[in-house]
>>> print(open('final_6.txt').read())   # compact mmCIF, C-alpha atoms and all ligand atoms
# COMPACT_ATOMS: atom_id res chain seq x y z
CA MET A 18 29.41 6.29 42.58
CA LYS A 19 28.76 8.67 39.71
CA ARG A 20 25.04 8.18 40.15
CA ARG A 21 25.30 8.99 43.87
CA GLN A 22 27.29 12.14 43.15
CA PHE A 23 24.67 13.18 40.62
CA VAL A 24 21.86 12.61 43.11
CA THR A 25 23.74 14.58 45.79
CA ALA A 26 24.33 17.42 43.34
CA MET A 27 20.65 17.46 42.45
CA ALA A 28 19.67 17.50 46.14
CA ALA A 29 22.06 20.39 46.79
CA ALA A 30 20.68 22.29 43.80
CA ALA A 31 17.15 21.66 45.05
CA GLY A 32 18.25 22.96 48.46
CA VAL A 33 19.51 26.19 46.95
CA SER A 34 16.31 26.77 44.99
CA ALA A 35 14.10 25.87 47.95
CA CYS A 36 15.98 28.46 50.06
CA ALA A 37 15.69 31.01 47.28
CA GLN A 38 11.93 30.52 47.14
CA ASP A 39 11.20 30.71 50.83
CA ASN A 40 13.22 31.57 53.88
CA ASP A 41 11.82 28.87 56.12
CA ALA A 42 14.91 27.30 57.75
CA GLY A 43 12.95 24.09 58.25
CA SER A 44 12.35 23.65 54.52
CA SER A 45 13.31 20.44 52.75
CA GLY A 46 16.40 22.17 51.33
CA VAL A 47 18.41 21.69 54.57
CA THR A 48 21.18 19.12 53.96
CA ALA A 49 22.44 16.54 56.43
CA ALA A 50 25.77 18.40 56.86
CA SER A 51 24.02 21.62 57.79
CA GLN A 52 22.05 19.87 60.55
CA GLN A 53 24.99 18.10 62.16
CA THR A 54 26.02 19.59 65.49
CA PHE A 55 29.48 19.58 67.07
CA GLU A 56 30.41 19.85 70.73
CA TRP A 57 34.05 20.80 71.11
CA ASN A 58 36.39 21.45 74.00
CA LEU A 59 38.86 24.34 73.97
CA VAL A 60 41.74 24.36 76.45
CA THR A 61 43.71 27.52 77.27
CA SER A 62 46.86 28.52 79.14
CA TRP A 63 45.04 31.32 80.98
CA PRO A 64 43.80 31.69 84.55
CA PRO A 65 39.96 31.56 84.72
CA ASN A 66 38.21 34.72 83.41
CA LEU A 67 41.49 36.59 82.92
CA PRO A 68 40.68 40.00 81.34
CA GLY A 69 41.68 40.19 77.66
CA LEU A 70 42.97 36.70 76.91
CA GLY A 71 40.53 34.59 78.92
CA VAL A 72 37.42 36.72 78.49
CA GLY A 73 38.26 37.23 74.80
CA ILE A 74 38.44 33.54 73.98
CA GLN A 75 35.18 32.85 75.84
CA ASN A 76 33.66 35.63 73.74
CA MET A 77 34.94 33.85 70.63
CA ALA A 78 33.34 30.55 71.68
CA ASP A 79 30.02 32.31 72.40
CA ARG A 80 30.04 34.08 69.04
CA ILE A 81 30.77 30.90 67.12
CA GLY A 82 27.87 29.25 68.98
CA LYS A 83 25.51 32.07 68.03
CA ALA A 84 26.74 32.48 64.45
CA SER A 85 26.32 28.75 63.84
CA ASN A 86 22.89 28.69 65.49
CA GLY A 87 24.19 26.20 68.05
CA ARG A 88 25.70 23.80 65.50
CA LEU A 89 29.22 24.34 66.86
CA LYS A 90 29.24 24.53 70.65
CA ILE A 91 32.61 25.20 72.27
CA LYS A 92 33.32 24.73 75.97
CA VAL A 93 36.30 26.76 77.21
CA TYR A 94 38.63 25.51 79.97
CA ALA A 95 41.11 27.62 81.97
CA GLY A 96 44.77 26.56 82.20
CA GLY A 97 45.20 23.37 84.23
CA GLU A 98 41.50 22.50 84.31
CA LEU A 99 41.64 19.79 81.67
CA VAL A 100 45.33 19.79 80.67
CA PRO A 101 48.39 21.59 82.15
CA ALA A 102 48.58 25.27 81.17
CA LEU A 103 51.73 24.85 79.06
CA GLU A 104 50.61 21.67 77.25
CA VAL A 105 47.76 23.11 75.20
CA LEU A 106 49.34 22.46 71.80
CA ASP A 107 50.12 18.82 72.68
CA ALA A 108 46.50 18.22 73.71
CA VAL A 109 45.23 19.62 70.39
CA SER A 110 47.88 17.72 68.44
CA ARG A 111 46.93 14.40 70.08
CA GLY A 112 43.21 15.09 69.58
CA THR A 113 42.50 15.02 73.34
CA VAL A 114 40.61 18.24 72.63
CA GLN A 115 39.63 19.89 69.35
CA MET A 116 40.82 23.44 70.08
CA GLY A 117 43.42 25.34 72.09
CA HIS A 118 44.25 28.98 72.84
CA ASP A 119 47.75 29.84 74.03
CA SER A 120 51.05 31.34 72.87
CA ALA A 121 53.07 29.66 70.12
CA TYR A 122 56.38 30.45 71.83
CA TYR A 123 55.56 28.22 74.81
CA HIS A 124 56.38 25.38 72.40
CA ARG A 125 59.64 26.66 70.98
CA GLY A 126 61.51 23.79 72.68
CA LYS A 127 59.80 21.47 70.22
CA VAL A 128 59.32 23.94 67.33
CA PRO A 129 61.91 26.76 67.55
CA ALA A 130 60.34 28.74 64.68
CA ALA A 131 57.03 28.89 66.61
CA GLN A 132 58.59 31.97 68.23
CA TYR A 133 57.77 33.99 65.07
CA PHE A 134 54.08 33.27 65.62
CA THR A 135 53.98 34.97 68.98
CA THR A 136 56.55 37.74 68.61
CA VAL A 137 60.28 38.25 68.33
CA PRO A 138 62.29 40.79 70.36
CA PHE A 139 62.56 44.10 68.47
CA GLY A 140 60.26 42.56 65.84
CA GLN A 141 56.90 43.59 64.44
CA THR A 142 54.07 45.59 66.02
CA VAL A 143 50.44 44.45 65.93
CA HIS A 144 49.74 46.35 62.68
CA GLU A 145 52.82 44.88 61.06
CA ILE A 146 52.33 41.29 62.18
CA ASN A 147 48.72 41.28 60.96
CA ALA A 148 49.85 42.62 57.58
CA TRP A 149 52.53 39.92 57.32
CA LEU A 150 50.12 37.15 58.36
CA TYR A 151 47.11 38.08 56.25
CA TYR A 152 48.85 39.57 53.20
CA GLY A 153 52.55 38.71 53.38
CA GLY A 154 52.42 34.91 53.41
CA GLY A 155 52.91 34.55 57.19
CA LEU A 156 49.76 32.50 57.75
CA GLU A 157 50.70 30.01 55.02
CA LEU A 158 54.17 29.51 56.56
CA TRP A 159 52.59 28.98 59.98
CA ARG A 160 50.18 26.33 58.64
CA GLU A 161 53.07 24.51 56.99
CA LEU A 162 55.06 24.65 60.25
CA TYR A 163 52.24 23.05 62.27
CA GLU A 164 51.13 20.47 59.70
CA PRO A 165 53.42 17.71 61.09
CA PHE A 166 51.64 18.16 64.44
CA ASN A 167 48.23 17.63 62.84
CA VAL A 168 47.22 21.14 63.91
CA ILE A 169 45.94 24.15 61.96
CA PRO A 170 46.73 27.56 63.52
CA PHE A 171 44.79 30.84 63.43
CA VAL A 172 45.70 34.20 64.91
CA ALA A 173 43.17 35.04 67.62
CA GLY A 174 44.18 38.10 69.57
CA ASN A 175 47.12 40.39 70.26
CA THR A 176 48.09 42.37 73.35
CA GLY A 177 49.98 45.17 71.58
CA VAL A 178 53.37 46.34 72.88
CA GLN A 179 53.87 44.85 76.34
CA MET A 180 55.78 46.18 79.33
CA ALA A 181 59.41 45.19 80.08
CA GLY A 182 58.16 43.89 83.44
CA TRP A 183 58.15 44.20 87.21
CA PHE A 184 61.49 44.41 88.99
CA ASN A 185 62.39 44.30 92.68
CA LYS A 186 65.56 46.25 91.96
CA GLU A 187 66.44 49.22 89.78
CA ILE A 188 67.96 48.70 86.34
CA ASN A 189 70.33 51.61 85.80
CA SER A 190 72.90 49.92 83.60
CA VAL A 191 73.65 46.64 81.82
CA GLU A 192 75.49 45.55 84.98
CA ASP A 193 72.18 45.42 86.85
CA LEU A 194 70.92 42.62 84.59
CA LYS A 195 73.64 40.29 85.80
CA GLY A 196 72.46 37.64 88.26
CA LEU A 197 68.82 38.70 87.92
CA LYS A 198 66.33 35.82 88.17
CA MET A 199 63.52 36.69 85.79
CA ARG A 200 60.32 35.06 84.57
CA ILE A 201 60.47 35.75 80.85
CA PRO A 202 59.55 33.10 78.25
CA GLY A 203 60.68 32.72 74.66
CA VAL A 204 63.70 34.21 72.91
CA GLY A 205 63.38 37.22 75.22
CA GLY A 206 64.46 34.93 78.03
CA GLU A 207 67.44 33.72 76.06
CA VAL A 208 68.42 37.33 75.42
CA MET A 209 68.28 38.05 79.15
CA GLN A 210 70.50 35.04 79.73
CA ARG A 211 73.05 36.42 77.27
CA ALA A 212 72.94 39.60 79.36
CA GLY A 213 73.79 37.59 82.49
CA ALA A 214 70.31 36.97 83.94
CA THR A 215 68.70 33.60 84.69
CA GLN A 216 65.59 32.81 82.68
CA ILE A 217 62.62 31.18 84.40
CA THR A 218 59.34 30.11 82.77
CA VAL A 219 56.29 29.76 84.98
CA PRO A 220 52.62 30.00 83.97
CA ALA A 221 50.66 33.17 84.77
CA SER A 222 49.01 31.71 87.86
CA GLU A 223 52.39 31.25 89.61
CA ILE A 224 54.05 34.62 88.83
CA PHE A 225 52.70 36.58 91.81
CA THR A 226 53.88 34.08 94.42
CA ALA A 227 57.28 33.62 92.77
CA LEU A 228 57.84 37.40 92.74
CA GLN A 229 56.47 38.07 96.21
CA THR A 230 58.46 35.32 97.92
CA GLY A 231 61.68 36.42 96.22
CA ALA A 232 62.02 33.13 94.31
CA ILE A 233 62.47 35.48 91.32
CA ASP A 234 63.62 39.13 91.16
CA ALA A 235 61.64 40.18 88.13
CA ALA A 236 58.81 39.05 85.90
CA GLU A 237 57.22 40.10 82.67
CA TRP A 238 53.60 39.20 82.01
CA VAL A 239 51.65 41.53 79.72
CA GLY A 240 50.83 45.14 80.60
CA PRO A 241 48.86 47.19 83.14
CA TYR A 242 45.45 45.59 82.40
CA ASN A 243 46.58 41.99 82.96
CA ASP A 244 49.35 42.71 85.47
CA ILE A 245 46.94 44.41 87.88
CA ALA A 246 44.63 41.40 87.54
CA LEU A 247 47.45 39.16 88.79
CA GLY A 248 48.34 41.65 91.55
CA LEU A 249 51.93 42.06 90.32
CA HIS A 250 51.97 45.72 91.43
CA LYS A 251 51.76 44.38 94.99
CA ALA A 252 54.76 42.09 94.51
CA ALA A 253 57.36 44.46 92.99
CA ARG A 254 58.03 48.20 92.97
CA TYR A 255 59.65 49.09 89.62
CA TYR A 256 57.57 48.80 86.46
CA TYR A 257 59.83 49.09 83.43
CA TYR A 258 58.99 49.84 79.78
CA PRO A 259 59.07 49.32 76.82
CA GLY A 260 58.42 45.64 76.18
CA TRP A 261 61.35 45.25 73.80
CA HIS A 262 60.93 41.47 73.93
CA GLU A 263 57.22 41.41 73.00
CA PRO A 264 56.32 44.28 70.65
CA GLY A 265 53.16 42.74 69.17
CA PRO A 266 52.60 39.30 70.63
CA MET A 267 49.74 37.41 69.12
CA LEU A 268 47.72 34.56 70.56
CA GLN A 269 47.11 31.39 68.66
CA LEU A 270 43.93 29.42 68.21
CA THR A 271 44.93 25.89 67.25
CA ILE A 272 42.56 23.26 65.86
CA ASN A 273 43.19 19.54 65.45
CA ILE A 274 43.25 18.96 61.67
CA ASP A 275 40.95 15.90 61.80
CA ALA A 276 38.41 17.92 63.80
CA TRP A 277 38.77 20.85 61.36
CA ASN A 278 38.24 18.56 58.36
CA SER A 279 35.07 17.16 59.96
CA LEU A 280 33.42 20.60 59.88
CA PRO A 281 31.25 21.54 56.89
CA GLU A 282 32.56 24.51 54.91
CA ASP A 283 30.12 27.03 56.33
CA LEU A 284 31.20 26.24 59.92
CA GLN A 285 34.84 26.48 58.87
CA GLU A 286 34.13 29.94 57.49
CA ILE A 287 32.36 30.95 60.73
CA VAL A 288 35.43 29.88 62.75
CA ARG A 289 37.77 31.72 60.36
CA SER A 290 35.69 34.91 60.40
CA VAL A 291 35.06 34.94 64.16
CA CYS A 292 38.82 34.46 64.74
CA GLN A 293 39.47 37.57 62.68
CA ALA A 294 36.77 39.45 64.61
CA ILE A 295 38.32 38.36 67.93
CA ASN A 296 41.78 39.38 66.73
CA LEU A 297 40.44 42.93 66.37
CA ASP A 298 38.23 42.83 69.45
CA MET A 299 40.95 41.63 71.81
CA MET A 300 43.35 44.38 70.68
CA ALA A 301 40.66 47.01 71.27
CA ASP A 302 39.93 45.53 74.72
CA TYR A 303 43.65 45.64 75.59
CA THR A 304 44.12 49.20 74.40
CA TRP A 305 41.16 50.38 76.45
CA GLY A 306 41.93 48.26 79.52
CA ASN A 307 45.64 49.15 79.55
CA ALA A 308 44.97 52.89 79.30
CA VAL A 309 42.53 52.73 82.24
CA ALA A 310 44.78 50.48 84.36
CA LEU A 311 47.83 52.70 83.74
CA GLN A 312 45.95 55.64 85.30
CA GLU A 313 45.43 53.52 88.40
CA LEU A 314 49.09 52.45 88.60
CA LYS A 315 50.26 56.05 88.26
CA LYS A 316 48.30 56.94 91.41
CA ASP A 317 49.80 54.04 93.40
CA PRO A 318 52.59 55.35 95.71
CA ASN A 319 54.18 51.87 95.81
CA VAL A 320 54.75 51.73 92.06
CA GLU A 321 57.48 53.51 90.11
CA LEU A 322 57.17 53.63 86.35
CA ARG A 323 60.60 53.62 84.67
CA ARG A 324 62.00 53.53 81.15
CA LEU A 325 64.86 51.10 80.51
CA PRO A 326 68.08 53.08 79.86
CA ASP A 327 69.16 53.44 76.22
CA ASP A 328 72.39 51.48 76.69
CA VAL A 329 70.42 48.56 78.17
CA LEU A 330 67.99 48.61 75.23
CA ARG A 331 70.88 48.81 72.72
CA LEU A 332 72.58 45.79 74.26
CA LEU A 333 69.33 43.81 74.38
CA ARG A 334 68.74 44.62 70.70
CA GLN A 335 72.18 43.35 69.77
CA TYR A 336 71.69 40.12 71.78
CA SER A 337 68.21 39.72 70.27
CA ARG A 338 69.65 39.69 66.75
CA GLU A 339 72.21 37.09 67.79
CA ALA A 340 69.61 34.88 69.51
CA ILE A 341 67.25 35.04 66.51
CA ASP A 342 70.05 34.22 64.05
CA LYS A 343 71.01 31.26 66.22
CA MET A 344 67.40 30.05 66.19
CA SER A 345 67.42 29.91 62.39
CA ALA A 346 70.93 28.56 61.94
CA GLY A 347 70.89 24.98 60.65
CA ASN A 348 67.08 24.96 60.37
CA ASP A 349 66.03 25.59 56.75
CA PHE A 350 62.38 26.12 57.53
CA ALA A 351 63.08 28.57 60.36
CA ALA A 352 65.47 30.43 58.01
CA ARG A 353 62.70 30.65 55.38
CA ILE A 354 60.28 32.08 57.96
CA GLN A 355 62.91 34.52 59.19
CA ALA A 356 63.64 35.69 55.63
CA SER A 357 59.93 36.35 54.98
CA PHE A 358 59.44 38.06 58.36
CA ASP A 359 62.56 40.23 58.01
CA ALA A 360 61.78 41.17 54.40
CA PHE A 361 58.43 42.59 55.45
CA GLN A 362 59.80 44.28 58.57
CA SER A 363 62.47 46.03 56.52
CA MET A 364 59.69 47.51 54.35
CA ALA A 365 57.37 48.29 57.26
CA ILE A 366 60.00 50.27 59.22
CA PRO A 367 60.50 53.09 56.68
CA TYR A 368 56.74 53.26 56.15
CA HIS A 369 55.92 53.43 59.87
CA GLU A 370 58.72 55.92 60.50
CA ILE A 371 56.89 58.49 58.42
CA THR A 372 53.39 57.55 59.62
CA GLU A 373 52.76 56.00 63.08
CA LEU A 374 56.08 57.04 64.61
CA ALA A 375 56.13 60.53 63.05
CA TYR A 376 52.55 61.11 64.14
CA LEU A 377 53.06 59.86 67.73
CA ASN A 378 56.11 62.10 68.01
CA ALA A 379 54.22 65.06 66.56
CA ARG A 380 51.40 64.53 69.03
CA SER A 381 53.82 64.80 71.95
CA LEU A 382 55.57 67.99 70.80
CA CA B 401 54.57 38.65 77.99
>>> encode(input="final_6.txt", output="C-alpha cells")
Amino acid sequence: MKRRQFVTAMAAAAGVSACAQDNDAGSSGVTAASQQTFEWNLVTSWPPNLPGLGVGIQNMADRIGKASNGRLKIKVYAGGELVPALEVLDAVSRGTVQMGHDSAYYHRGKVPAAQYFTTVPFGQTVHEINAWLYYGGGLELWRELYEPFNVIPFVAGNTGVQMAGWFNKEINSVEDLKGLKMRIPGVGGEVMQRAGATQITVPASEIFTALQTGAIDAAEWVGPYNDIALGLHKAARYYYYPGWHEPGPMLQLTINIDAWNSLPEDLQEIVRSVCQAINLDMMADYTWGNAVALQELKKDPNVELRRLPDDVLRLLRQYSREAIDKMSAGNDFAARIQASFDAFQSMAIPYHEITELAYLNARSL
C-alpha cells in the first residue's frame, strides 16, 4: 500500500513537472482522474426555458461543460420532464439524478429549517443573504442540515426582492385578506393563513390557469420579468408590492453527495466557482429583465400597480415573526440557524440603513 502511494505520488509529481515544461495537454503528465468524464442529469422545478431561473441554470451547465473541457457534461431537465417539479430534492437525495435546481422552501414539510435557505418574510436582502452564506457561517449550517439527505447544497441564483403578487381584488385593509385563496409557498403562506387567507401551493406551470379560472384569487410568483413570461398580467388586475414574504430568495443547486465525492478536486472547484458566477449572473439578469418588464406593465391599461397599505404590512410582519418563532420552537437545529441568521440581520440593518436605504431615499428626493 505504501509502495503504491509512493508510486502515485511520483507519477503526480512527474505530471506537474511535465506540465511545467510544456503545455501540451496530451503529454504523459495527464492522470487517470483528469481524463475521466462524467455525464450528469440535472432536474429543475422550472417550466422549460423560463427566463432567469431556467435559462440561468442551463447557462451554468454549459459553462461547467466548457470550463471542464467536456469532462463534466450536464443535461438539464425542466420541471416534470424527468421527476415532478416539486420533488427535485428527493430525486437528488435518492441518487435518481446527480443534480437539482429548485427552492429549498418547497421541502419545508420535511425540513422546516430549509426555509432559511430560500428566504424568510421580512428577512435578508440578496446582499445580506450572500454575506451570511459566504462569510457568516450560513453555508456551513446549510450543508449540515442537508447531510442526512445525502445532499450537498450550493447557492445558485437569487431573484432579488419579489412582488407581493397578483390579486383579483383590491387589498385596502387587513380585512381584505380574510377568505382570500392565494398561491404562496413557504412561511409566507402560513403568515397569510394567520391573516385569514387560505394558502395554496402549485408549481409555476399551473399558476396562470388557477388564477384565470378563479380557482384562486391571488398568486405570487416572482416579479415582472417572470410574471409576464407566465402571462399572469392577463389573469389578474392588481399587482401589489413589496414582496414582504420573499425579500431575497435564493435558488439552490443540490448535488448527491456520492456523485460529488466521485468528482476529482479540480471538477469540484469548477462546479463551486461556476455556481458563484451564476449566483451573480442570475441576479444581474433579474435586475435588468425586471426593470424592462416593469416598463411594459406600466403601459398596460389592464394592470394596476399598488403598494400594500402600511397597516397590512405591519400585521404581516408581526405574524411573520410568530410563524418563524414557531418554526424554530422545539427544533434545536432550526433554532441554531435562526440565531445565526438573526444575529447577522441585526448587524446588517443598521449598516444598510445608512448606506443602501439612505442612498435610495436620497436618490428619490
Ligand atoms: Ca415567489
>>> closest_atom_pairs(input="final_6.txt", of="chain A", to="ligand CA 401 (chain B)", cutoff="7 Å", atoms="all atoms listed in the file", output="JSON lines")
{"residue": "A:Gln179", "atom": "CA", "partner": "B:CA401", "partner_atom": "CA", "distance": 6.5}
{"residue": "A:Glu237", "atom": "CA", "partner": "B:CA401", "partner_atom": "CA", "distance": 5.6}
{"residue": "A:Trp238", "atom": "CA", "partner": "B:CA401", "partner_atom": "CA", "distance": 4.2}
{"residue": "A:Val239", "atom": "CA", "partner": "B:CA401", "partner_atom": "CA", "distance": 4.5}
{"residue": "A:Glu263", "atom": "CA", "partner": "B:CA401", "partner_atom": "CA", "distance": 6.3}
>>> closest_atom_pairs(input="final_6.txt", of="segment 144-177 of chain A", to="segment 59-82 of chain A", cutoff="9 Å", atoms="all atoms listed in the file", output="CSV")
residue,atom,partner,partner_atom,distance
A:Ala173,CA,A:Ile74,CA,8.1
A:Gly174,CA,A:Leu70,CA,7.6
A:Asn175,CA,A:Leu70,CA,8.7
A:Thr176,CA,A:Gly69,CA,8.0
>>> closest_residue(input="final_6.txt", among="A:Pro170, A:Gly96, A:Gly153, A:Gly87", to="Ile272 of chain A", atoms="only C-alpha atoms")
A:Pro170
>>> residues_near_point(input="final_6.txt", point="(57.2, 42.7, 74.4)", cutoff="8 Å", atoms="only C-alpha atoms", output="JSON list (two decimals) with C-alpha atoms, in the frame of the given file")
[["chain", "number", "residue", "atom", "x", "y", "z"],
["A", 136, "THR", "CA", 56.55, 37.74, 68.61],
["A", 138, "PRO", "CA", 62.29, 40.79, 70.36],
["A", 178, "VAL", "CA", 53.37, 46.34, 72.88],
["A", 179, "GLN", "CA", 53.87, 44.85, 76.34],
["A", 180, "MET", "CA", 55.78, 46.18, 79.33],
["A", 181, "ALA", "CA", 59.41, 45.19, 80.08],
["A", 239, "VAL", "CA", 51.65, 41.53, 79.72],
["A", 259, "PRO", "CA", 59.07, 49.32, 76.82],
["A", 260, "GLY", "CA", 58.42, 45.64, 76.18],
["A", 261, "TRP", "CA", 61.35, 45.25, 73.80],
["A", 262, "HIS", "CA", 60.93, 41.47, 73.93],
["A", 263, "GLU", "CA", 57.22, 41.41, 73.00],
["A", 264, "PRO", "CA", 56.32, 44.28, 70.65],
["A", 265, "GLY", "CA", 53.16, 42.74, 69.17],
["A", 266, "PRO", "CA", 52.60, 39.30, 70.63]]
>>> atom_distance(input="final_6.txt", atom1="atom CA of Ile169 of chain A", atom2="atom CA of Ile146 of chain A")
18.3 Å
>>> closest_residue(input="final_6.txt", among="A:Asn273, A:Gln285, A:Asn296, A:Gln335", to="Ala108 of chain A", atoms="all atoms listed in the file")
A:Asn273
>>> atom_distance(input="final_6.txt", atom1="atom CA of Trp305 of chain A", atom2="atom CA of Asn243 of chain A")
11.9 Å
>>> atom_distance(input="final_6.txt", atom1="atom CA of Ile287 of chain A", atom2="atom CA of Ala121 of chain A")
22.8 Å
>>> closest_residue(input="final_6.txt", among="A:Tyr163, A:Ile341, A:His369, A:Gln269", to="Gln355 of chain A", atoms="only C-alpha atoms")
A:Ile341
>>> residues_around(input="final_6.txt", residues="segment 210-213 of chain A", least_positions_apart="4", cutoff="8 Å", atoms="all atoms listed in the file", output="list in words")
Val191, Leu194, Lys195, Gly196, Leu197, Gly206, Leu333 and Tyr336 of chain A
>>> closest_residue(input="final_6.txt", among="A:Gly182, A:Pro241, A:Glu145, A:Ile354", to="Val309 of chain A", atoms="all atoms listed in the file")
A:Pro241
>>> closest_residue(input="final_6.txt", among="A:His124, A:Arg111, A:His144, A:His118", to="Phe166 of chain A", atoms="all atoms listed in the file")
A:Arg111
>>> closest_residue(input="final_6.txt", among="A:Glu373, A:Asp244, A:Glu192, A:Asp107", to="Pro326 of chain A", atoms="all atoms listed in the file")
A:Glu192
>>> decode(input="final_6.txt", residues="segment 109-117 of chain A", atoms="all heavy atoms", output="short mmCIF file (atom, residue, chain, number, x, y, z; two decimals), in the first residue's frame")
data_model
loop_
_atom_site.label_atom_id
_atom_site.label_comp_id
_atom_site.auth_asym_id
_atom_site.auth_seq_id
_atom_site.Cartn_x
_atom_site.Cartn_y
_atom_site.Cartn_z
N VAL A 109 -32.57 13.95 -6.05
CA VAL A 109 -31.13 14.10 -5.82
C VAL A 109 -30.71 13.28 -4.60
O VAL A 109 -29.68 12.60 -4.60
CB VAL A 109 -30.76 15.59 -5.63
CG1 VAL A 109 -29.28 15.75 -5.30
CG2 VAL A 109 -31.11 16.40 -6.87
N SER A 110 -31.53 13.30 -3.57
CA SER A 110 -31.26 12.56 -2.35
C SER A 110 -31.17 11.05 -2.62
O SER A 110 -30.26 10.38 -2.15
CB SER A 110 -32.37 12.88 -1.33
OG SER A 110 -32.22 12.10 -0.18
N ARG A 111 -32.10 10.54 -3.40
CA ARG A 111 -32.12 9.10 -3.74
C ARG A 111 -31.01 8.72 -4.71
O ARG A 111 -30.70 7.55 -4.86
CB ARG A 111 -33.45 8.75 -4.42
CG ARG A 111 -34.63 8.59 -3.48
CD ARG A 111 -35.78 7.88 -4.20
NE ARG A 111 -36.15 8.55 -5.44
CZ ARG A 111 -37.13 9.45 -5.54
NH1 ARG A 111 -37.84 9.78 -4.48
NH2 ARG A 111 -37.41 10.01 -6.70
N GLY A 112 -30.46 9.71 -5.43
CA GLY A 112 -29.44 9.40 -6.44
C GLY A 112 -30.06 9.05 -7.79
O GLY A 112 -29.37 8.57 -8.67
N THR A 113 -31.36 9.32 -7.97
CA THR A 113 -32.01 9.13 -9.27
C THR A 113 -31.31 10.02 -10.31
O THR A 113 -31.14 9.65 -11.46
CB THR A 113 -33.51 9.53 -9.19
OG1 THR A 113 -34.08 8.89 -8.06
CG2 THR A 113 -34.26 9.17 -10.44
N VAL A 114 -30.95 11.22 -9.86
CA VAL A 114 -30.16 12.15 -10.67
C VAL A 114 -29.03 12.67 -9.78
O VAL A 114 -29.09 12.53 -8.56
CB VAL A 114 -30.99 13.35 -11.18
CG1 VAL A 114 -32.07 12.90 -12.15
CG2 VAL A 114 -31.61 14.11 -10.02
N GLN A 115 -28.03 13.28 -10.41
CA GLN A 115 -26.89 13.79 -9.63
C GLN A 115 -27.13 15.20 -9.11
O GLN A 115 -26.60 15.57 -8.06
CB GLN A 115 -25.61 13.79 -10.51
CG GLN A 115 -25.13 12.42 -10.89
CD GLN A 115 -25.86 11.84 -12.11
OE1 GLN A 115 -26.66 12.50 -12.77
NE2 GLN A 115 -25.60 10.58 -12.40
N MET A 116 -27.90 16.00 -9.87
CA MET A 116 -28.04 17.42 -9.51
C MET A 116 -29.49 17.90 -9.61
O MET A 116 -30.26 17.37 -10.43
CB MET A 116 -27.26 18.30 -10.51
CG MET A 116 -25.78 18.38 -10.28
SD MET A 116 -25.08 19.45 -11.59
CE MET A 116 -23.61 20.01 -10.75
N GLY A 117 -29.81 18.92 -8.80
CA GLY A 117 -31.14 19.53 -8.89
C GLY A 117 -31.04 21.04 -8.71
O GLY A 117 -30.09 21.55 -8.11
#
